[in-house]
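Take a look at the structure below.
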Amino acid sequence: MNKRITWIFLTTLTIAVASQSVGAAEADWRTKAISPVVNPIFFESPLIESEVRPLFAYHRLDRGLLGVDADVRVYAVQLRYALTPRLAIIATKDGYMEIAPQAAGAKTLRGWNDIAAGLKYSIYQNEEQQVQITPGLTFELPSGNTEVFQGNGDGEFNVFVSAIKGFNNLHFTGNLGFRIPIDGDEETANVRYAIMVDYYTCQWFIPFATINAMTTLTEGTAVPFKSEGFDVINFGASNARGETQAAWGVGFRSRLHKRLDLGFAFEQGFTPSDDIFKDRFTVDLIWRF
């Protein structure tokens, strides 16, 4: 009788420990997932986390847009705060921008960016399937300096949904969103779509590859450009309707600490060939709290 009781106890304990281990493994899949480095304003992570994210981007414009090559530097800090495990406040756009045309005697343009903030809410979480889906909404205030193509229009909404599917160390992250301006003359509407695949080799090296694209849906009247600003700028271009702009990117994250991620990315535009997007380097640091 004692042997039977002992056997039942050990069997029950083994099943309980195994169940906890499986549950822990399923719950831990997010710890190996990463946030996108590229297109930080619009490629929002579906994960709900509290974080501070300083970033720097160096972007080269193709001469096909302005008639001369130009360098753009952006300095910014993003903030996210998880109110609950599913709901977060997000501040996605701010910072300072410099546009330096590569021509003799050309003036470097400097100014503050517009400010954008909003909410995201995770409507679906499946630990066993390693899936999370998170829609969200931000509003951009025209608070920046017109010298760097900010402060135009009456503001714009960004409606989006982000999703992630994990396969243990392998993750696919996607985003679909619409940029909707209040003043359709000063700014244009567009649809945006992005995908990233990453693989957790170890905490120090998590490589990824991405494709980011946008299609302009409306015509503005602000400038006679045939391309729109890819993310930071909305020109209100009059000749960009129906144009699709896209860039591929590669990079990596390093998990310096369980609360600290370093990110680096290189991107290059591939359509159209004479677009605003020649190439871009982005570096960020995410501190989670």
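In the structure tokens, each chain is lettered A, B, ... as it comes, each chain's residues begin at 1, and ligands are numbered from 1 in order of appearance.
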Contacts of stretch 76-84 of chain A within 9 Å, only C-alpha atoms, excl. fewer than 5 positions in-chain, as a VMD selection string: chain A and resid 40 to 41 48 to 57 89 to 97 113 289
DSSP strand (DSSP E or B) residues within stretch 41-255 of chain A, as a PyMOL selection string: chain A and resi 51-61+70-82+87-93+96-101+109-112+115-121+124-126+131-141+156-167+170-181+190-199+202+205-216+223+237+244-255
Selection above as a file: C-alpha atoms, as a compact mmCIF listing (two decimals), in the first residue's frame:
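The result, stored in selection22.txt:
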# COMPACT_ATOMS: atom_id res chain seq x y z
CA GLU A 51 10.72 51.11 -22.09
CA VAL A 52 12.82 54.14 -22.95
CA ARG A 53 14.35 54.04 -26.42
CA PRO A 54 16.92 56.63 -27.56
CA LEU A 55 17.81 56.30 -31.23
CA PHE A 56 19.89 57.85 -33.99
CA ALA A 57 19.32 57.52 -37.74
CA TYR A 58 21.60 58.61 -40.58
CA HIS A 59 19.66 58.70 -43.85
CA ARG A 60 20.98 59.52 -47.33
CA LEU A 61 18.49 60.96 -49.82
CA ALA A 70 21.42 65.10 -49.10
CA ASP A 71 22.22 63.68 -45.68
CA VAL A 72 19.58 63.53 -42.95
CA ARG A 73 20.32 62.96 -39.27
CA VAL A 74 17.58 62.26 -36.73
CA TYR A 75 18.00 62.20 -32.94
CA ALA A 76 15.01 61.01 -30.92
CA VAL A 77 13.75 59.24 -27.79
CA GLN A 78 10.69 57.00 -27.75
CA LEU A 79 8.72 56.08 -24.63
CA ARG A 80 6.35 53.20 -23.91
CA TYR A 81 4.54 52.41 -20.68
CA ALA A 82 2.56 49.24 -20.01
CA LEU A 87 -2.46 47.94 -22.78
CA ALA A 88 0.38 50.43 -23.30
CA ILE A 89 0.80 54.15 -23.85
CA ILE A 90 3.28 54.81 -26.67
CA ALA A 91 5.15 57.99 -27.66
CA THR A 92 6.57 57.15 -31.08
CA LYS A 93 7.78 60.40 -32.62
CA TYR A 96 15.50 66.78 -33.72
CA MET A 97 16.38 66.57 -37.43
CA GLU A 98 19.11 67.96 -39.67
CA ILE A 99 18.96 67.96 -43.48
CA ALA A 100 22.28 68.73 -45.19
CA PRO A 101 22.21 69.07 -49.03
CA LEU A 109 18.29 72.77 -42.36
CA ARG A 110 17.63 72.09 -38.66
CA GLY A 111 14.53 71.79 -36.53
CA TRP A 112 12.29 69.84 -34.17
CA ILE A 115 5.22 64.78 -31.76
CA ALA A 116 3.13 61.59 -31.98
CA ALA A 117 1.65 59.45 -29.21
CA GLY A 118 -1.21 57.03 -28.61
CA LEU A 119 -2.15 53.57 -27.36
CA LYS A 120 -1.79 49.93 -28.32
CA TYR A 121 -3.77 46.98 -26.97
CA TYR A 124 -4.87 38.13 -28.82
CA GLN A 125 -2.17 36.19 -26.96
CA ASN A 126 -1.59 32.47 -27.41
CA VAL A 131 1.36 34.33 -31.22
CA GLN A 132 0.46 37.89 -30.21
CA ILE A 133 -1.66 40.42 -32.13
CA THR A 134 -1.75 44.08 -31.13
CA PRO A 135 -3.64 46.92 -32.87
CA GLY A 136 -3.03 50.54 -31.97
CA LEU A 137 -3.61 54.20 -32.75
CA THR A 138 -1.39 57.28 -32.58
CA PHE A 139 -1.98 60.92 -33.40
CA GLU A 140 0.76 63.24 -34.68
CA LEU A 141 0.63 66.89 -33.64
CA GLU A 156 -2.56 62.91 -38.78
CA PHE A 157 -3.70 59.56 -37.40
CA ASN A 158 -1.78 56.30 -37.65
CA VAL A 159 -4.00 53.23 -37.34
CA PHE A 160 -2.10 49.95 -37.26
CA VAL A 161 -2.00 46.32 -36.27
CA SER A 162 1.18 44.42 -35.40
CA ALA A 163 1.59 40.67 -34.96
CA ILE A 164 4.32 38.20 -34.03
CA LYS A 165 4.57 34.44 -34.54
CA GLY A 166 7.33 32.58 -32.74
CA PHE A 167 8.94 29.20 -33.39
CA LEU A 170 12.77 32.03 -34.79
CA HIS A 171 10.26 34.89 -34.97
CA PHE A 172 8.23 36.58 -37.69
CA THR A 173 6.93 40.09 -36.93
CA GLY A 174 4.60 42.04 -39.22
CA ASN A 175 2.86 45.40 -39.28
CA LEU A 176 0.07 46.92 -41.38
CA GLY A 177 -0.99 50.53 -40.93
CA PHE A 178 -2.69 53.55 -42.45
CA ARG A 179 -1.44 57.13 -42.18
CA ILE A 180 -4.52 59.38 -42.32
CA PRO A 181 -4.04 63.20 -42.39
CA ASN A 190 -0.71 56.09 -47.28
CA VAL A 191 -0.84 52.42 -46.41
CA ARG A 192 2.24 50.88 -44.81
CA TYR A 193 3.36 47.28 -44.48
CA ALA A 194 6.45 45.70 -42.99
CA ILE A 195 7.83 42.30 -42.05
CA MET A 196 10.84 41.20 -40.01
CA VAL A 197 12.34 37.77 -39.44
CA ASP A 198 14.83 37.30 -36.61
CA TYR A 199 16.69 34.39 -35.05
CA CYS A 202 22.46 33.89 -28.39
CA PHE A 205 23.74 38.32 -31.46
CA ILE A 206 20.15 38.26 -32.70
CA PRO A 207 20.26 38.89 -36.47
CA PHE A 208 17.24 40.03 -38.48
CA ALA A 209 16.14 40.91 -42.00
CA THR A 210 13.29 43.24 -42.91
CA ILE A 211 11.28 44.74 -45.74
CA ASN A 212 9.41 48.01 -45.23
CA ALA A 213 7.11 49.52 -47.84
CA MET A 214 4.43 52.16 -48.28
CA THR A 215 1.97 53.09 -51.01
CA THR A 216 0.70 56.66 -51.29
CA VAL A 223 5.16 70.18 -53.09
CA ALA A 237 3.42 65.49 -52.50
CA THR A 244 5.02 52.36 -53.84
CA GLN A 245 8.30 52.93 -52.03
CA ALA A 246 10.19 50.08 -50.40
CA ALA A 247 13.45 49.31 -48.62
CA TRP A 248 15.13 46.13 -47.44
CA GLY A 249 17.19 45.99 -44.30
CA VAL A 250 19.46 43.79 -42.21
CA GLY A 251 20.92 44.14 -38.75
CA PHE A 252 21.11 42.67 -35.29
CA ARG A 253 20.27 43.19 -31.65
CA SER A 254 22.45 42.42 -28.66
CA ARG A 255 20.83 41.70 -25.31
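Closest approach to A:Thr282 among A:Ile233, A:Val37, A:Ala240, A:Leu262 is made by A:Val37 (distances from only C-alpha atoms).
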Stretch 274-278 of chain A environment, 9 Å, only C-alpha atoms, sequence neighbours closer than 4 positions dropped, as a PDB file with C-alpha atoms, in the first residue's frame:
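Saved as selection_0.pdb:
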ATOM      1  CA  HIS A  59      19.662  58.697 -43.846  1.00  0.00           C
ATOM      2  CA  ARG A  60      20.978  59.524 -47.327  1.00  0.00           C
ATOM      3  CA  LEU A  61      18.492  60.957 -49.820  1.00  0.00           C
ATOM      4  CA  ASP A  62      18.810  60.131 -53.497  1.00  0.00           C
ATOM      5  CA  ARG A  63      19.394  63.128 -55.774  1.00  0.00           C
ATOM      6  CA  GLY A  64      16.326  62.079 -57.778  1.00  0.00           C
ATOM      7  CA  LEU A  65      14.096  63.757 -55.163  1.00  0.00           C
ATOM      8  CA  LEU A  66      15.689  67.165 -54.505  1.00  0.00           C
ATOM      9  CA  LYS A 226       6.810  62.209 -57.093  1.00  0.00           C
ATOM     10  CA  SER A 227       7.848  60.541 -53.822  1.00  0.00           C
ATOM     11  CA  GLU A 228       6.566  60.876 -50.280  1.00  0.00           C
ATOM     12  CA  GLY A 229       8.573  61.026 -47.083  1.00  0.00           C
ATOM     13  CA  PHE A 230       9.096  57.461 -45.950  1.00  0.00           C
ATOM     14  CA  GLN A 245       8.301  52.925 -52.028  1.00  0.00           C
ATOM     15  CA  ALA A 246      10.185  50.081 -50.397  1.00  0.00           C
ATOM     16  CA  ALA A 247      13.450  49.309 -48.622  1.00  0.00           C
ATOM     17  CA  GLU A 267      18.545  49.733 -44.970  1.00  0.00           C
ATOM     18  CA  GLN A 268      18.581  50.415 -48.707  1.00  0.00           C
ATOM     19  CA  GLY A 269      15.739  51.498 -50.946  1.00  0.00           C
ATOM     20  CA  PHE A 270      15.011  49.207 -53.886  1.00  0.00           C
TER      21      PHE A 270
END
Which of stretch 7-179 of chain A fall in alpha helix (DSSP H), as an MDAnalysis selection string: chainID A and resid 7:27 63:66
